[in-house]
$ cat input.json   # JSON, N, CA and C atoms
[["chain", "number", "residue", "atom", "x", "y", "z"],
["A", 38, "MET", "N", -3.09, -21.84, -6.87],
["A", 38, "MET", "CA", -3.57, -21.60, -5.52],
["A", 38, "MET", "C", -4.63, -20.51, -5.54],
["A", 39, "LYS", "N", -5.59, -20.61, -4.67],
["A", 39, "LYS", "CA", -6.67, -19.64, -4.61],
["A", 39, "LYS", "C", -6.21, -18.35, -3.94],
["A", 40, "PHE", "N", -6.92, -17.27, -4.27],
["A", 40, "PHE", "CA", -6.62, -15.95, -3.72],
["A", 40, "PHE", "C", -6.56, -15.98, -2.20],
["A", 41, "ASP", "N", -7.58, -16.53, -1.56],
["A", 41, "ASP", "CA", -7.61, -16.52, -0.10],
["A", 41, "ASP", "C", -6.49, -17.36, 0.50],
["A", 42, "ASP", "N", -6.12, -18.46, -0.16],
["A", 42, "ASP", "CA", -5.02, -19.27, 0.33],
["A", 42, "ASP", "C", -3.70, -18.50, 0.27],
["A", 43, "LEU", "N", -3.51, -17.73, -0.81],
["A", 43, "LEU", "CA", -2.30, -16.90, -0.91],
["A", 43, "LEU", "C", -2.26, -15.85, 0.18],
["A", 44, "ILE", "N", -3.40, -15.22, 0.44],
["A", 44, "ILE", "CA", -3.46, -14.18, 1.48],
["A", 44, "ILE", "C", -3.17, -14.80, 2.86],
["A", 45, "ILE", "N", -3.74, -15.96, 3.13],
["A", 45, "ILE", "CA", -3.52, -16.62, 4.43],
["A", 45, "ILE", "C", -2.03, -16.97, 4.59],
["A", 46, "GLU", "N", -1.43, -17.51, 3.55],
["A", 46, "GLU", "CA", 0.00, -17.84, 3.62],
["A", 46, "GLU", "C", 0.84, -16.58, 3.79],
["A", 47, "LEU", "N", 0.48, -15.52, 3.07],
["A", 47, "LEU", "CA", 1.20, -14.26, 3.18],
["A", 47, "LEU", "C", 1.11, -13.70, 4.60],
["A", 48, "ILE", "N", -0.06, -13.71, 5.18],
["A", 48, "ILE", "CA", -0.24, -13.21, 6.54],
["A", 48, "ILE", "C", 0.65, -13.98, 7.51],
["A", 49, "ALA", "N", 0.68, -15.29, 7.37],
["A", 49, "ALA", "CA", 1.52, -16.12, 8.26],
["A", 49, "ALA", "C", 3.00, -15.75, 8.14],
["A", 50, "LEU", "N", 3.46, -15.55, 6.91],
["A", 50, "LEU", "CA", 4.86, -15.16, 6.71],
["A", 50, "LEU", "C", 5.14, -13.77, 7.25],
["A", 51, "LEU", "N", 4.21, -12.86, 7.05],
["A", 51, "LEU", "CA", 4.39, -11.49, 7.57],
["A", 51, "LEU", "C", 4.38, -11.47, 9.09],
["A", 52, "GLU", "N", 3.57, -12.32, 9.71],
["A", 52, "GLU", "CA", 3.56, -12.42, 11.17],
["A", 52, "GLU", "C", 4.91, -12.88, 11.68],
["A", 53, "ARG", "N", 5.50, -13.87, 10.99],
["A", 53, "ARG", "CA", 6.82, -14.38, 11.39],
["A", 53, "ARG", "C", 7.89, -13.30, 11.27],
["A", 54, "SER", "N", 7.68, -12.35, 10.38],
["A", 54, "SER", "CA", 8.64, -11.28, 10.17],
["A", 54, "SER", "C", 8.32, -10.04, 10.99],
["A", 55, "SER", "N", 7.31, -10.12, 11.83],
["A", 55, "SER", "CA", 6.90, -9.00, 12.70],
["A", 55, "SER", "C", 6.50, -7.76, 11.91],
["A", 56, "GLU", "N", 5.83, -7.96, 10.79],
["A", 56, "GLU", "CA", 5.33, -6.86, 9.95],
["A", 56, "GLU", "C", 3.87, -6.57, 10.32],
["A", 57, "GLU", "N", 3.66, -5.91, 11.44],
["A", 57, "GLU", "CA", 2.32, -5.70, 11.97],
["A", 57, "GLU", "C", 1.42, -4.93, 11.01],
["A", 58, "HIS", "N", 1.93, -3.88, 10.39],
["A", 58, "HIS", "CA", 1.10, -3.07, 9.49],
["A", 58, "HIS", "C", 0.53, -3.92, 8.36],
["A", 59, "TRP", "N", 1.40, -4.70, 7.70],
["A", 59, "TRP", "CA", 0.94, -5.48, 6.55],
["A", 59, "TRP", "C", 0.11, -6.67, 6.98],
["A", 60, "VAL", "N", 0.33, -7.19, 8.18],
["A", 60, "VAL", "CA", -0.54, -8.25, 8.71],
["A", 60, "VAL", "C", -1.95, -7.70, 8.86],
["A", 61, "GLU", "N", -2.07, -6.53, 9.45],
["A", 61, "GLU", "CA", -3.39, -5.91, 9.63],
["A", 61, "GLU", "C", -4.02, -5.61, 8.28],
["A", 62, "TYR", "N", -3.24, -5.10, 7.35],
["A", 62, "TYR", "CA", -3.76, -4.73, 6.04],
["A", 62, "TYR", "C", -4.33, -5.95, 5.32],
["A", 63, "PHE", "N", -3.54, -7.02, 5.26],
["A", 63, "PHE", "CA", -4.00, -8.19, 4.51],
["A", 63, "PHE", "C", -5.03, -9.01, 5.29],
["A", 64, "THR", "N", -5.09, -8.86, 6.59],
["A", 64, "THR", "CA", -6.18, -9.46, 7.36],
["A", 64, "THR", "C", -7.49, -8.77, 6.99],
["A", 65, "ALA", "N", -7.44, -7.45, 6.81],
["A", 65, "ALA", "CA", -8.63, -6.71, 6.36],
["A", 65, "ALA", "C", -9.02, -7.12, 4.94],
["A", 66, "VAL", "N", -8.05, -7.34, 4.08],
["A", 66, "VAL", "CA", -8.33, -7.81, 2.72],
["A", 66, "VAL", "C", -9.02, -9.17, 2.77],
["A", 67, "LEU", "N", -8.51, -10.06, 3.61],
["A", 67, "LEU", "CA", -9.11, -11.39, 3.74],
["A", 67, "LEU", "C", -10.53, -11.30, 4.30],
["A", 68, "LYS", "N", -10.75, -10.39, 5.23],
["A", 68, "LYS", "CA", -12.09, -10.20, 5.78],
["A", 68, "LYS", "C", -13.06, -9.75, 4.69],
["A", 69, "LEU", "N", -12.64, -8.80, 3.86],
["A", 69, "LEU", "CA", -13.49, -8.37, 2.74],
["A", 69, "LEU", "C", -13.85, -9.55, 1.84],
["A", 70, "TYR", "N", -12.85, -10.33, 1.52],
["A", 70, "TYR", "CA", -13.05, -11.49, 0.65],
["A", 70, "TYR", "C", -14.04, -12.47, 1.29],
["A", 71, "ASN", "N", -13.85, -12.77, 2.56],
["A", 71, "ASN", "CA", -14.72, -13.72, 3.26],
["A", 71, "ASN", "C", -16.14, -13.20, 3.44],
["A", 72, "GLU", "N", -16.31, -11.89, 3.43],
["A", 72, "GLU", "CA", -17.65, -11.29, 3.53],
["A", 72, "GLU", "C", -18.34, -11.23, 2.17],
["A", 73, "GLY", "N", -17.68, -11.76, 1.14],
["A", 73, "GLY", "CA", -18.27, -11.75, -0.19],
["A", 73, "GLY", "C", -17.99, -10.48, -0.98],
["A", 74, "LYS", "N", -17.16, -9.62, -0.45],
["A", 74, "LYS", "CA", -16.80, -8.37, -1.12],
["A", 74, "LYS", "C", -15.51, -8.61, -1.92],
["A", 75, "VAL", "N", -15.63, -9.54, -2.86],
["A", 75, "VAL", "CA", -14.47, -10.03, -3.60],
["A", 75, "VAL", "C", -13.79, -8.91, -4.39],
["A", 76, "GLY", "N", -14.57, -8.14, -5.15],
["A", 76, "GLY", "CA", -14.00, -7.04, -5.93],
["A", 76, "GLY", "C", -13.27, -6.05, -5.06],
["A", 77, "GLN", "N", -13.84, -5.74, -3.91],
["A", 77, "GLN", "CA", -13.19, -4.80, -2.99],
["A", 77, "GLN", "C", -11.88, -5.38, -2.46],
["A", 78, "SER", "N", -11.86, -6.69, -2.22],
["A", 78, "SER", "CA", -10.63, -7.30, -1.71],
["A", 78, "SER", "C", -9.54, -7.27, -2.77],
["A", 79, "TYR", "N", -9.90, -7.47, -4.03],
["A", 79, "TYR", "CA", -8.92, -7.40, -5.11],
["A", 79, "TYR", "C", -8.40, -5.97, -5.26],
["A", 80, "LYS", "N", -9.32, -5.01, -5.19],
["A", 80, "LYS", "CA", -8.93, -3.61, -5.31],
["A", 80, "LYS", "C", -8.01, -3.19, -4.16],
["A", 81, "ALA", "N", -8.35, -3.60, -2.94],
["A", 81, "ALA", "CA", -7.52, -3.28, -1.78],
["A", 81, "ALA", "C", -6.14, -3.90, -1.92],
["A", 82, "THR", "N", -6.09, -5.10, -2.47],
["A", 82, "THR", "CA", -4.79, -5.74, -2.69],
["A", 82, "THR", "C", -3.95, -4.92, -3.65],
["A", 83, "LEU", "N", -4.53, -4.52, -4.77],
["A", 83, "LEU", "CA", -3.78, -3.70, -5.73],
["A", 83, "LEU", "C", -3.36, -2.36, -5.14],
["A", 84, "ASN", "N", -4.20, -1.79, -4.28],
["A", 84, "ASN", "CA", -3.86, -0.51, -3.65],
["A", 84, "ASN", "C", -2.61, -0.60, -2.79],
["A", 85, "ALA", "N", -2.28, -1.79, -2.31],
["A", 85, "ALA", "CA", -1.09, -1.97, -1.48],
["A", 85, "ALA", "C", 0.19, -1.80, -2.27],
["A", 86, "TYR", "N", 0.10, -1.87, -3.60],
["A", 86, "TYR", "CA", 1.29, -1.86, -4.45],
["A", 86, "TYR", "C", 1.72, -0.49, -4.93],
["A", 87, "GLY", "N", 0.97, 0.55, -4.65],
["A", 87, "GLY", "CA", 1.29, 1.86, -5.22],
["A", 87, "GLY", "C", 1.85, 2.83, -4.20],
["A", 88, "GLY", "N", 2.71, 3.71, -4.67],
["A", 88, "GLY", "CA", 3.19, 4.80, -3.84],
["A", 88, "GLY", "C", 4.39, 4.45, -2.98],
["A", 89, "MET", "N", 4.83, 5.46, -2.23],
["A", 89, "MET", "CA", 5.98, 5.27, -1.34],
["A", 89, "MET", "C", 5.60, 4.38, -0.17],
["A", 90, "CYS", "N", 6.55, 3.61, 0.29],
["A", 90, "CYS", "CA", 6.36, 2.69, 1.43],
["A", 90, "CYS", "C", 5.26, 1.68, 1.14],
["A", 91, "SER", "N", 5.13, 1.31, -0.11],
["A", 91, "SER", "CA", 4.10, 0.35, -0.50],
["A", 91, "SER", "C", 4.57, -1.07, -0.21],
["A", 92, "PHE", "N", 3.70, -2.00, -0.47],
["A", 92, "PHE", "CA", 4.01, -3.41, -0.29],
["A", 92, "PHE", "C", 5.18, -3.81, -1.19],
["A", 93, "ASN", "N", 5.33, -3.14, -2.33],
["A", 93, "ASN", "CA", 6.48, -3.41, -3.21],
["A", 93, "ASN", "C", 7.80, -3.06, -2.54],
["A", 94, "ASP", "N", 7.79, -2.10, -1.65],
["A", 94, "ASP", "CA", 9.01, -1.61, -1.00],
["A", 94, "ASP", "C", 9.38, -2.40, 0.25],
["A", 95, "LEU", "N", 8.57, -3.35, 0.60],
["A", 95, "LEU", "CA", 8.75, -4.09, 1.85],
["A", 95, "LEU", "C", 10.05, -4.89, 1.86],
["A", 96, "THR", "N", 10.81, -4.74, 2.93],
["A", 96, "THR", "CA", 11.97, -5.60, 3.19],
["A", 96, "THR", "C", 11.67, -6.37, 4.46],
["A", 97, "LEU", "N", 12.06, -7.62, 4.48],
["A", 97, "LEU", "CA", 11.67, -8.49, 5.59],
["A", 97, "LEU", "C", 12.87, -8.90, 6.43],
["A", 98, "ASN", "N", 12.63, -9.05, 7.72],
["A", 98, "ASN", "CA", 13.63, -9.50, 8.68],
["A", 98, "ASN", "C", 13.07, -10.69, 9.45],
["A", 99, "PHE", "N", 13.92, -11.38, 10.11],
["A", 99, "PHE", "CA", 13.54, -12.43, 11.05],
["A", 99, "PHE", "C", 12.96, -13.69, 10.40],
["A", 100, "ILE", "N", 13.07, -13.80, 9.09],
["A", 100, "ILE", "CA", 12.63, -15.03, 8.44],
["A", 100, "ILE", "C", 13.74, -15.49, 7.49],
["A", 101, "SER", "N", 13.67, -16.74, 7.09],
["A", 101, "SER", "CA", 14.71, -17.32, 6.24],
["A", 101, "SER", "C", 14.67, -16.74, 4.82],
["A", 102, "ASN", "N", 15.75, -16.95, 4.10],
["A", 102, "ASN", "CA", 15.80, -16.50, 2.71],
["A", 102, "ASN", "C", 14.72, -17.17, 1.87],
["A", 103, "GLU", "N", 14.44, -18.43, 2.16],
["A", 103, "GLU", "CA", 13.39, -19.15, 1.43],
["A", 103, "GLU", "C", 12.03, -18.52, 1.67],
["A", 104, "GLU", "N", 11.77, -18.10, 2.91],
["A", 104, "GLU", "CA", 10.50, -17.45, 3.23],
["A", 104, "GLU", "C", 10.40, -16.07, 2.58],
["A", 105, "VAL", "N", 11.51, -15.35, 2.54],
["A", 105, "VAL", "CA", 11.54, -14.05, 1.87],
["A", 105, "VAL", "C", 11.23, -14.24, 0.39],
["A", 106, "GLU", "N", 11.83, -15.26, -0.20],
["A", 106, "GLU", "CA", 11.58, -15.56, -1.61],
["A", 106, "GLU", "C", 10.12, -15.95, -1.83],
["A", 107, "ARG", "N", 9.53, -16.70, -0.91],
["A", 107, "ARG", "CA", 8.12, -17.08, -1.04],
["A", 107, "ARG", "C", 7.22, -15.85, -0.97],
["A", 108, "VAL", "N", 7.54, -14.90, -0.11],
["A", 108, "VAL", "CA", 6.77, -13.65, -0.06],
["A", 108, "VAL", "C", 6.86, -12.94, -1.40],
["A", 109, "ALA", "N", 8.02, -12.92, -2.00],
["A", 109, "ALA", "CA", 8.19, -12.27, -3.31],
["A", 109, "ALA", "C", 7.33, -12.96, -4.37],
["A", 110, "VAL", "N", 7.28, -14.28, -4.33],
["A", 110, "VAL", "CA", 6.45, -15.03, -5.29],
["A", 110, "VAL", "C", 4.98, -14.73, -5.06],
["A", 111, "ILE", "N", 4.54, -14.77, -3.80],
["A", 111, "ILE", "CA", 3.14, -14.47, -3.48],
["A", 111, "ILE", "C", 2.80, -13.05, -3.90],
["A", 112, "ARG", "N", 3.70, -12.10, -3.62],
["A", 112, "ARG", "CA", 3.48, -10.70, -3.98],
["A", 112, "ARG", "C", 3.22, -10.59, -5.49],
["A", 113, "ALA", "N", 4.03, -11.25, -6.29],
["A", 113, "ALA", "CA", 3.87, -11.20, -7.75],
["A", 113, "ALA", "C", 2.59, -11.90, -8.19],
["A", 114, "GLU", "N", 2.29, -13.05, -7.60],
["A", 114, "GLU", "CA", 1.07, -13.78, -7.97],
["A", 114, "GLU", "C", -0.19, -12.99, -7.64],
["A", 115, "LEU", "N", -0.22, -12.40, -6.46],
["A", 115, "LEU", "CA", -1.39, -11.61, -6.07],
["A", 115, "LEU", "C", -1.59, -10.41, -6.99],
["A", 116, "TYR", "N", -0.51, -9.73, -7.31],
["A", 116, "TYR", "CA", -0.61, -8.58, -8.18],
["A", 116, "TYR", "C", -1.15, -8.99, -9.55],
["A", 117, "SER", "N", -0.56, -10.01, -10.13],
["A", 117, "SER", "CA", -0.99, -10.48, -11.46],
["A", 117, "SER", "C", -2.45, -10.93, -11.44],
["A", 118, "PHE", "N", -2.82, -11.68, -10.41],
["A", 118, "PHE", "CA", -4.19, -12.18, -10.32],
["A", 118, "PHE", "C", -5.18, -11.03, -10.20],
["A", 119, "CYS", "N", -4.93, -10.11, -9.28],
["A", 119, "CYS", "CA", -5.86, -9.00, -9.07],
["A", 119, "CYS", "C", -5.90, -8.08, -10.28],
["A", 120, "LYS", "N", -4.78, -7.88, -10.92],
["A", 120, "LYS", "CA", -4.73, -7.05, -12.12],
["A", 120, "LYS", "C", -5.60, -7.67, -13.22],
["A", 121, "SER", "N", -5.60, -9.01, -13.30],
["A", 121, "SER", "CA", -6.40, -9.69, -14.32],
["A", 121, "SER", "C", -7.89, -9.61, -14.05],
["A", 122, "LYS", "N", -8.27, -9.30, -12.82],
["A", 122, "LYS", "CA", -9.68, -9.22, -12.43],
["A", 122, "LYS", "C", -10.27, -7.83, -12.60],
["A", 123, "ARG", "N", -9.44, -6.87, -12.98],
["A", 123, "ARG", "CA", -9.93, -5.50, -13.18],
["A", 123, "ARG", "C", -10.94, -5.49, -14.31],
["A", 124, "ARG", "N", -11.95, -4.66, -14.17],
["A", 124, "ARG", "CA", -12.94, -4.51, -15.23],
["A", 124, "ARG", "C", -13.55, -3.12, -15.14],
["A", 125, "GLY", "N", -14.25, -2.75, -16.16],
["A", 125, "GLY", "CA", -14.91, -1.46, -16.16],
["A", 125, "GLY", "C", -14.02, -0.37, -16.70],
["A", 126, "PRO", "N", -14.59, 0.80, -16.89],
["A", 126, "PRO", "CA", -13.82, 1.92, -17.44],
["A", 126, "PRO", "C", -12.72, 2.36, -16.48],
["A", 127, "TYR", "N", -11.63, 2.79, -17.05],
["A", 127, "TYR", "CA", -10.51, 3.33, -16.29],
["A", 127, "TYR", "C", -9.89, 2.31, -15.34],
["A", 128, "GLY", "N", -10.10, 1.02, -15.60],
["A", 128, "GLY", "CA", -9.45, -0.02, -14.83],
["A", 128, "GLY", "C", -9.94, -0.18, -13.41],
["A", 129, "ILE", "N", -11.16, 0.27, -13.11],
["A", 129, "ILE", "CA", -11.68, 0.09, -11.76],
["A", 129, "ILE", "C", -12.53, -1.16, -11.69],
["A", 130, "PHE", "N", -12.83, -1.62, -10.53],
["A", 130, "PHE", "CA", -13.63, -2.81, -10.33],
["A", 130, "PHE", "C", -15.11, -2.47, -10.37],
["A", 131, "GLY", "N", -15.60, -2.08, -11.51],
["A", 131, "GLY", "CA", -17.00, -1.68, -11.60],
["A", 131, "GLY", "C", -17.24, -0.42, -10.80],
["A", 132, "TYR", "N", -18.46, -0.17, -10.46],
["A", 132, "TYR", "CA", -18.79, 1.04, -9.72],
["A", 132, "TYR", "C", -19.22, 0.77, -8.28],
["A", 133, "ALA", "N", -19.56, -0.48, -7.98],
["A", 133, "ALA", "CA", -19.99, -0.79, -6.61],
["A", 133, "ALA", "C", -18.79, -0.81, -5.69],
["A", 134, "THR", "N", -18.93, -0.25, -4.51],
["A", 134, "THR", "CA", -17.84, -0.27, -3.53],
["A", 134, "THR", "C", -18.26, -0.98, -2.29]]
$ encode --input "input.json" --output "structure tokens"
Amino acid sequence: MKFDDLIIELIALLERSSEEHWVEYFTAVLKLYNEGKVGQSYKATLNAYGGMCSFNDLTLNFISNEEVERVAVIRAELYSFCKSKRRGPYGIFGYAT
């Protein structure tokens, strides 16, 4: 599945779970991607995974167990994909922002 398709599916699942913060965050990621700022969208995605209260720490309510599991799969796929796109010194996405 393509990056943008995963983000769109993730946003829909997060909306069903009433996760407003992460809906806004990944909507902004999708906007970057659609504007052609692909590297920035990958970097923003990876930034969601670090620190306290990160996307990794997310617990979901109001959706089925299957949907929760799908979010976990998407979370892992997005991380792996974006991690594989890193380039440049010190693991950054080049120097352009």
$ residues_near_point --input "input.json" --point "(16.7, -12.5, 12.7)" --cutoff "12 Å" --atoms "only C-alpha atoms" --output "ChimeraX atom specification"
/A:53-55,97-102
$ atom_distance --input "input.json" --atom1 "atom C of Trp59 of chain A" --atom2 "atom C of Glu46 of chain A"
10.4 Å
$ closest_residue --input "input.json" --among "A:Met89, A:Leu95, A:Cys119, A:Ile111" --to "Leu43 of chain A" --atoms "all atoms listed in the file"
A:Ile111
$ atom_distance --input "input.json" --atom1 "atom N of Glu106 of chain A" --atom2 "atom CA of Leu51 of chain A"
11.4 Å
$ select_by_dssp --input "input.json" --residues "chain A" --states "alpha helix (DSSP H)" --output "PyMOL selection string"
chain A and resi 40-53+57-71+75-84+102-121
$ atom_distance --input "input.json" --atom1 "atom N of Asn71 of chain A" --atom2 "atom N of Asp42 of chain A"
10.0 Å
$ closest_residue --input "input.json" --among "A:Ile45, A:Met38, A:Leu50, A:Leu69" --to "Val108 of chain A" --atoms "only C-alpha atoms"
A:Leu50
$ residues_around --input "input.json" --residues "Leu67 of chain A" --least-positions-apart "4" --cutoff "7 Å" --atoms "all atoms listed in the file" --output "list in words"
Asp41, Ile44, Tyr62, Phe63, Asn71, Glu72 and Ser78 of chain A
$ axis_aligned_box --input "input.json" --around "segment 88-91 of chain A" --padding-each-side "4 Å" --output "AutoDock Vina command-line options"
--center_x 4.6 --center_y 2.2 --center_z -1.6 --size_x 11.8 --size_y 14.5 --size_z 14.1
$ closest_residue --input "input.json" --among "A:Ile48, A:Leu115, A:Val105, A:Val75" --to "Glu61 of chain A" --atoms "all atoms listed in the file"
A:Ile48
$ closest_residue --input "input.json" --among "A:Glu103, A:Lys122, A:Val66, A:Val60" --to "Ala81 of chain A" --atoms "only N, CA and C atoms"
A:Val66
$ decode --input "input.json" --residues "segment 105-115 of chain A" --atoms "all heavy atoms" --output "PDB file, in the first residue's frame"
ATOM      1  N   VAL A 105      -8.413  -1.597  16.067  1.00  0.00           N
ATOM      2  CA  VAL A 105      -7.251  -1.286  16.899  1.00  0.00           C
ATOM      3  C   VAL A 105      -6.032  -2.028  16.352  1.00  0.00           C
ATOM      4  O   VAL A 105      -4.937  -1.461  16.240  1.00  0.00           O
ATOM      5  CB  VAL A 105      -7.501  -1.649  18.378  1.00  0.00           C
ATOM      6  CG1 VAL A 105      -6.220  -1.568  19.194  1.00  0.00           C
ATOM      7  CG2 VAL A 105      -8.578  -0.757  18.975  1.00  0.00           C
ATOM      8  N   GLU A 106      -6.230  -3.283  15.996  1.00  0.00           N
ATOM      9  CA  GLU A 106      -5.139  -4.076  15.432  1.00  0.00           C
ATOM     10  C   GLU A 106      -4.676  -3.493  14.096  1.00  0.00           C
ATOM     11  O   GLU A 106      -3.477  -3.447  13.809  1.00  0.00           O
ATOM     12  CB  GLU A 106      -5.574  -5.532  15.254  1.00  0.00           C
ATOM     13  CG  GLU A 106      -4.444  -6.467  14.933  1.00  0.00           C
ATOM     14  CD  GLU A 106      -3.354  -6.507  15.996  1.00  0.00           C
ATOM     15  OE1 GLU A 106      -3.660  -6.420  17.193  1.00  0.00           O
ATOM     16  OE2 GLU A 106      -2.171  -6.618  15.607  1.00  0.00           O
ATOM     17  N   ARG A 107      -5.604  -3.012  13.284  1.00  0.00           N
ATOM     18  CA  ARG A 107      -5.232  -2.405  11.998  1.00  0.00           C
ATOM     19  C   ARG A 107      -4.410  -1.139  12.222  1.00  0.00           C
ATOM     20  O   ARG A 107      -3.438  -0.892  11.501  1.00  0.00           O
ATOM     21  CB  ARG A 107      -6.479  -2.101  11.155  1.00  0.00           C
ATOM     22  CG  ARG A 107      -6.188  -1.516   9.809  1.00  0.00           C
ATOM     23  CD  ARG A 107      -5.386  -2.454   8.926  1.00  0.00           C
ATOM     24  NE  ARG A 107      -5.024  -1.761   7.688  1.00  0.00           N
ATOM     25  CZ  ARG A 107      -3.932  -2.003   7.001  1.00  0.00           C
ATOM     26  NH1 ARG A 107      -3.094  -2.940   7.363  1.00  0.00           N
ATOM     27  NH2 ARG A 107      -3.675  -1.313   5.907  1.00  0.00           N
ATOM     28  N   VAL A 108      -4.758  -0.339  13.218  1.00  0.00           N
ATOM     29  CA  VAL A 108      -3.964   0.843  13.545  1.00  0.00           C
ATOM     30  C   VAL A 108      -2.546   0.419  13.926  1.00  0.00           C
ATOM     31  O   VAL A 108      -1.570   1.046  13.494  1.00  0.00           O
ATOM     32  CB  VAL A 108      -4.617   1.688  14.664  1.00  0.00           C
ATOM     33  CG1 VAL A 108      -3.667   2.763  15.171  1.00  0.00           C
ATOM     34  CG2 VAL A 108      -5.914   2.318  14.178  1.00  0.00           C
ATOM     35  N   ALA A 109      -2.417  -0.637  14.689  1.00  0.00           N
ATOM     36  CA  ALA A 109      -1.091  -1.123  15.088  1.00  0.00           C
ATOM     37  C   ALA A 109      -0.282  -1.553  13.866  1.00  0.00           C
ATOM     38  O   ALA A 109       0.920  -1.267  13.780  1.00  0.00           O
ATOM     39  CB  ALA A 109      -1.223  -2.278  16.072  1.00  0.00           C
ATOM     40  N   VAL A 110      -0.924  -2.211  12.922  1.00  0.00           N
ATOM     41  CA  VAL A 110      -0.240  -2.632  11.692  1.00  0.00           C
ATOM     42  C   VAL A 110       0.186  -1.415  10.880  1.00  0.00           C
ATOM     43  O   VAL A 110       1.331  -1.325  10.418  1.00  0.00           O
ATOM     44  CB  VAL A 110      -1.146  -3.571  10.854  1.00  0.00           C
ATOM     45  CG1 VAL A 110      -0.576  -3.789   9.462  1.00  0.00           C
ATOM     46  CG2 VAL A 110      -1.339  -4.897  11.573  1.00  0.00           C
ATOM     47  N   ILE A 111      -0.718  -0.456  10.711  1.00  0.00           N
ATOM     48  CA  ILE A 111      -0.397   0.769   9.961  1.00  0.00           C
ATOM     49  C   ILE A 111       0.739   1.513  10.654  1.00  0.00           C
ATOM     50  O   ILE A 111       1.674   1.985  10.001  1.00  0.00           O
ATOM     51  CB  ILE A 111      -1.635   1.678   9.820  1.00  0.00           C
ATOM     52  CG1 ILE A 111      -2.668   1.016   8.903  1.00  0.00           C
ATOM     53  CG2 ILE A 111      -1.243   3.052   9.292  1.00  0.00           C
ATOM     54  CD1 ILE A 111      -4.013   1.730   8.883  1.00  0.00           C
ATOM     55  N   ARG A 112       0.676   1.614  11.979  1.00  0.00           N
ATOM     56  CA  ARG A 112       1.714   2.303  12.749  1.00  0.00           C
ATOM     57  C   ARG A 112       3.080   1.683  12.449  1.00  0.00           C
ATOM     58  O   ARG A 112       4.049   2.398  12.189  1.00  0.00           O
ATOM     59  CB  ARG A 112       1.383   2.220  14.236  1.00  0.00           C
ATOM     60  CG  ARG A 112       2.353   2.921  15.126  1.00  0.00           C
ATOM     61  CD  ARG A 112       1.993   2.965  16.591  1.00  0.00           C
ATOM     62  NE  ARG A 112       1.001   2.031  17.043  1.00  0.00           N
ATOM     63  CZ  ARG A 112       0.180   2.258  18.077  1.00  0.00           C
ATOM     64  NH1 ARG A 112       0.235   3.381  18.731  1.00  0.00           N
ATOM     65  NH2 ARG A 112      -0.683   1.354  18.445  1.00  0.00           N
ATOM     66  N   ALA A 113       3.157   0.364  12.466  1.00  0.00           N
ATOM     67  CA  ALA A 113       4.425  -0.327  12.196  1.00  0.00           C
ATOM     68  C   ALA A 113       4.867  -0.147  10.749  1.00  0.00           C
ATOM     69  O   ALA A 113       6.051   0.088  10.475  1.00  0.00           O
ATOM     70  CB  ALA A 113       4.285  -1.812  12.528  1.00  0.00           C
ATOM     71  N   GLU A 114       3.932  -0.242   9.812  1.00  0.00           N
ATOM     72  CA  GLU A 114       4.271  -0.082   8.393  1.00  0.00           C
ATOM     73  C   GLU A 114       4.779   1.323   8.093  1.00  0.00           C
ATOM     74  O   GLU A 114       5.757   1.493   7.363  1.00  0.00           O
ATOM     75  CB  GLU A 114       3.062  -0.399   7.512  1.00  0.00           C
ATOM     76  CG  GLU A 114       2.733  -1.871   7.427  1.00  0.00           C
ATOM     77  CD  GLU A 114       1.551  -2.160   6.519  1.00  0.00           C
ATOM     78  OE1 GLU A 114       1.224  -1.343   5.638  1.00  0.00           O
ATOM     79  OE2 GLU A 114       0.937  -3.230   6.712  1.00  0.00           O
ATOM     80  N   LEU A 115       4.103   2.326   8.630  1.00  0.00           N
ATOM     81  CA  LEU A 115       4.536   3.706   8.400  1.00  0.00           C
ATOM     82  C   LEU A 115       5.926   3.957   8.970  1.00  0.00           C
ATOM     83  O   LEU A 115       6.761   4.583   8.320  1.00  0.00           O
ATOM     84  CB  LEU A 115       3.539   4.695   9.015  1.00  0.00           C
ATOM     85  CG  LEU A 115       2.244   4.912   8.273  1.00  0.00           C
ATOM     86  CD1 LEU A 115       1.301   5.781   9.089  1.00  0.00           C
ATOM     87  CD2 LEU A 115       2.491   5.530   6.904  1.00  0.00           C
TER      88      LEU A 115
END
